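Worksheet: one structure, shown below.
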Amino acid sequence: MNPPSAAPASARPRERRQRVQAAETGTAILKALGSLGGRASLTLIASHIDESPAKVHRYLVSLAEGGLVNQDTSTQQYFLGLETLLLGLAAMRQADPIRMAEASLIRLREELEVTCFVAVMGNKGPTIVRFEEPGLPVTVNVRVGSVLPILWSATGRALLAALNDREVSAMVRSELQAATPAQRALLDADDPIEVLRQSVRDAGCASVRDTNLPGISAVAAPLYDYTGRPRAVLTALGASGGFDPSPDGVIGQAVRREAQAISRMLGYTANR
C-alpha cells in the first residue's frame, strides 16, 4: 500500500496563512466582546468587526467549545467565558508596573541620556523603587528608597493629579503649611492644590524646574492600571541647564509616550 502523498509545497504556505487568518478572526471576536462590555448579540459582534454573521457564528461555536465564550439561552447574547476570565486573572497577576517599566527606563536613559526612575506611593510619600542613570549621571542625592515631596517634585505632582486619597491630602496640607514664602509664590494664591492638580491633568504630565532640588528639572507621568488607578509614576530628570521640562518638549513627549505604553500593558484603556 502506497503511503499518502504529502501536500504540495505550494499548499503549505496557504494553509499557514489560513490558520493565521483564523486566529486573527477569533482574536478580533474576543476583542469585540471586550470592547462591547463583555456581552453582545451575534449581529452586533459581526457589525463591530465588519464580518458576516454566518462567519462570526462559526467562530463563536469554536470559541464556546474552548470555554472562551458562552451564550445566554434567554437572550441569545454571547459573553466572555470562564477561560477568558482565567486568562485575564493570569495577565493581571503579571501586571507589575515596576517590571513593565524597565524597558521604558532603559529607552529614556539611552535615547535621551537622562536619569529616570519609577516611584510608588508609600506611607511617607512618593518613594523611588527603580532607578536608571546615563553614562554621565547627574549628581542628585536621590536613589532607590528616597522619598520625594508631593508639592515640589514632578513625581509627587503627577501622583497628586491622579490621586485624591485622604492620606495624600493630609501629606499635601502638611507640606503646604511648612512651605516657605518662595515656595508658596509658585502656587495659586486662592486654590493652590486644585489649580496645580488641574494643570498637571491638562498637560498629561507634571514638570518642575528647580522646585525640589536646585539646578534640577524633571518631568513625570502616572502609570495607570486596568481600574484607572495610578500604580506608579515614571520620571525623567536632569540638570536644568540642558533639560527641557516643558510638557510638549522632546523629554516631556517621550515620558508621556512611555507612560501611556506601560499603562496599556497594565490594562488601562482610556488613553487609546
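Residue numbers start at 1 in each chain; chains themselves are named A, B, ... in the order of the C-alpha cells; ligands are numbered from 1 in the order shown.
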Interface rows for range 135-210 of chain A against range 240-246 of chain A: nearest pair, Å to one decimal, 8 Å, only C-alpha atoms, as a Markdown table:
```
| residue | atom | partner | partner_atom | distance |
| --- | --- | --- | --- | --- |
| A:Ser207 | CA | A:Pro245 | CA | 5.5 |
| A:Val208 | CA | A:Pro245 | CA | 6.6 |
| A:Arg209 | CA | A:Ser240 | CA | 6.6 |
| A:Asp210 | CA | A:Ser240 | CA | 7.3 |
```
Those same residues - N, CA and C atoms - I'd like them written as an mmCIF file, in the first residue's frame.
```cif
data_model
loop_
_atom_site.group_PDB
_atom_site.id
_atom_site.type_symbol
_atom_site.label_atom_id
_atom_site.label_comp_id
_atom_site.auth_asym_id
_atom_site.auth_seq_id
_atom_site.Cartn_x
_atom_site.Cartn_y
_atom_site.Cartn_z
ATOM 1 N N SER A 207 5.705 68.814 35.449
ATOM 2 C CA SER A 207 7.066 69.275 35.158
ATOM 3 C C SER A 207 7.478 70.318 36.185
ATOM 4 N N VAL A 208 8.737 70.271 36.598
ATOM 5 C CA VAL A 208 9.263 71.242 37.561
ATOM 6 C C VAL A 208 10.661 71.680 37.130
ATOM 7 N N ARG A 209 11.028 72.864 37.547
ATOM 8 C CA ARG A 209 12.379 73.378 37.331
ATOM 9 C C ARG A 209 12.862 73.998 38.643
ATOM 10 N N ASP A 210 13.828 73.379 39.266
ATOM 11 C CA ASP A 210 14.477 73.901 40.478
ATOM 12 C C ASP A 210 13.545 74.008 41.689
#
```
*Extract the full set of strand (DSSP E or B) residues from range 17-238 of chain A according to DSSP on the backbone, and format it as a ChimeraX atom specification.*
/A:39-40,69-71,78-80,115-122,125-132,147,206-209,216-224,230-238
*Nearby residues (only C-alpha atoms) at most 10 Å from range 70-79 of chain A, same-chain spacing under 4 positions excluded, as a PyMOL selection string*: chain A and resi 30+33-34+36-45+60-61+63-66+84
Take the residues from that selection and put them in a file with N, CA, C and O atoms, as a tab-separated table (two decimals), in the first residue's frame.
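Output saved as selection-v8.tsv:
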```
chain	number	residue	atom	x	y	z
A	30	LEU	N	-13.05	38.11	20.21
A	30	LEU	CA	-12.87	38.25	21.65
A	30	LEU	C	-12.66	39.72	22.03
A	30	LEU	O	-13.21	40.21	23.02
A	33	LEU	N	-16.00	41.53	21.87
A	33	LEU	CA	-16.81	41.29	23.07
A	33	LEU	C	-16.32	42.14	24.23
A	33	LEU	O	-17.10	42.70	24.99
A	34	GLY	N	-14.99	42.24	24.37
A	34	GLY	CA	-14.44	43.06	25.45
A	34	GLY	C	-14.81	44.52	25.30
A	34	GLY	O	-15.23	45.17	26.26
A	36	LEU	N	-17.30	45.73	23.73
A	36	LEU	CA	-18.76	45.91	23.78
A	36	LEU	C	-19.32	45.62	25.17
A	36	LEU	O	-20.53	45.44	25.33
A	37	GLY	N	-18.46	45.59	26.15
A	37	GLY	CA	-18.90	45.41	27.52
A	37	GLY	C	-18.92	43.97	27.99
A	37	GLY	O	-19.43	43.66	29.06
A	38	GLY	N	-18.37	43.05	27.18
A	38	GLY	CA	-18.30	41.66	27.58
A	38	GLY	C	-19.50	40.83	27.17
A	38	GLY	O	-19.52	39.62	27.36
A	39	ARG	N	-20.51	41.45	26.57
A	39	ARG	CA	-21.74	40.74	26.20
A	39	ARG	C	-22.36	41.45	24.99
A	39	ARG	O	-22.48	42.67	24.99
A	40	ALA	N	-22.73	40.67	23.96
A	40	ALA	CA	-23.32	41.28	22.77
A	40	ALA	C	-24.00	40.21	21.92
A	40	ALA	O	-23.71	39.02	22.04
A	41	SER	N	-24.86	40.67	21.03
A	41	SER	CA	-25.54	39.75	20.11
A	41	SER	C	-24.61	39.40	18.96
A	41	SER	O	-23.62	40.10	18.69
A	42	LEU	N	-24.95	38.33	18.26
A	42	LEU	CA	-24.19	37.92	17.08
A	42	LEU	C	-24.14	39.04	16.06
A	42	LEU	O	-23.08	39.35	15.50
A	43	THR	N	-25.28	39.69	15.82
A	43	THR	CA	-25.34	40.76	14.81
A	43	THR	C	-24.42	41.92	15.18
A	43	THR	O	-23.71	42.46	14.32
A	44	LEU	N	-24.42	42.28	16.47
A	44	LEU	CA	-23.59	43.41	16.89
A	44	LEU	C	-22.11	43.07	16.79
A	44	LEU	O	-21.30	43.90	16.37
A	45	ILE	N	-21.74	41.86	17.17
A	45	ILE	CA	-20.34	41.45	17.07
A	45	ILE	C	-19.88	41.47	15.62
A	45	ILE	O	-18.82	41.99	15.28
A	60	LEU	N	-17.72	31.67	16.85
A	60	LEU	CA	-18.27	31.68	18.21
A	60	LEU	C	-18.53	30.25	18.70
A	60	LEU	O	-18.32	29.96	19.89
A	61	VAL	N	-18.96	29.38	17.83
A	61	VAL	CA	-19.17	27.98	18.21
A	61	VAL	C	-17.86	27.36	18.66
A	61	VAL	O	-17.79	26.66	19.68
A	63	LEU	N	-15.15	28.97	19.73
A	63	LEU	CA	-14.71	29.64	20.96
A	63	LEU	C	-15.50	29.12	22.16
A	63	LEU	O	-14.96	28.98	23.26
A	64	ALA	N	-16.78	28.84	21.95
A	64	ALA	CA	-17.61	28.30	23.04
A	64	ALA	C	-17.14	26.90	23.43
A	64	ALA	O	-17.12	26.55	24.61
A	65	GLU	N	-16.75	26.11	22.45
A	65	GLU	CA	-16.24	24.76	22.74
A	65	GLU	C	-14.98	24.82	23.58
A	65	GLU	O	-14.71	23.93	24.39
A	66	GLY	N	-14.19	25.87	23.40
A	66	GLY	CA	-12.97	26.06	24.19
A	66	GLY	C	-13.19	26.78	25.51
A	66	GLY	O	-12.23	27.02	26.24
A	84	THR	N	-11.70	32.79	29.51
A	84	THR	CA	-11.26	34.17	29.27
A	84	THR	C	-10.98	34.87	30.59
A	84	THR	O	-10.01	35.61	30.73
```
Contact check, range 17-106 of chain A to range 120-137 of chain A, at most 12 Å, counting only C-alpha atoms, closest pairs as a tab-separated table:
```
residue	atom	partner	partner_atom	distance
A:Asp96	CA	A:Val120	CA	11.7
A:Pro97	CA	A:Val120	CA	9.4
A:Ile98	CA	A:Arg130	CA	7.1
A:Arg99	CA	A:Arg130	CA	9.2
A:Met100	CA	A:Arg130	CA	11.3
A:Ala101	CA	A:Arg130	CA	9.0
A:Glu102	CA	A:Arg130	CA	8.3
A:Ala103	CA	A:Glu132	CA	10.8
A:Ser104	CA	A:Glu132	CA	10.3
A:Leu105	CA	A:Glu132	CA	6.6
A:Ile106	CA	A:Glu132	CA	7.2
```
*Considering only C-alpha atoms, state which residue in the set A:Ser217, A:Ser199, A:Ser35, A:Thr25 is at the smallest distance from His57 in chain A.*
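Distance minimum relative to His57 in chain A lands on A:Thr25.
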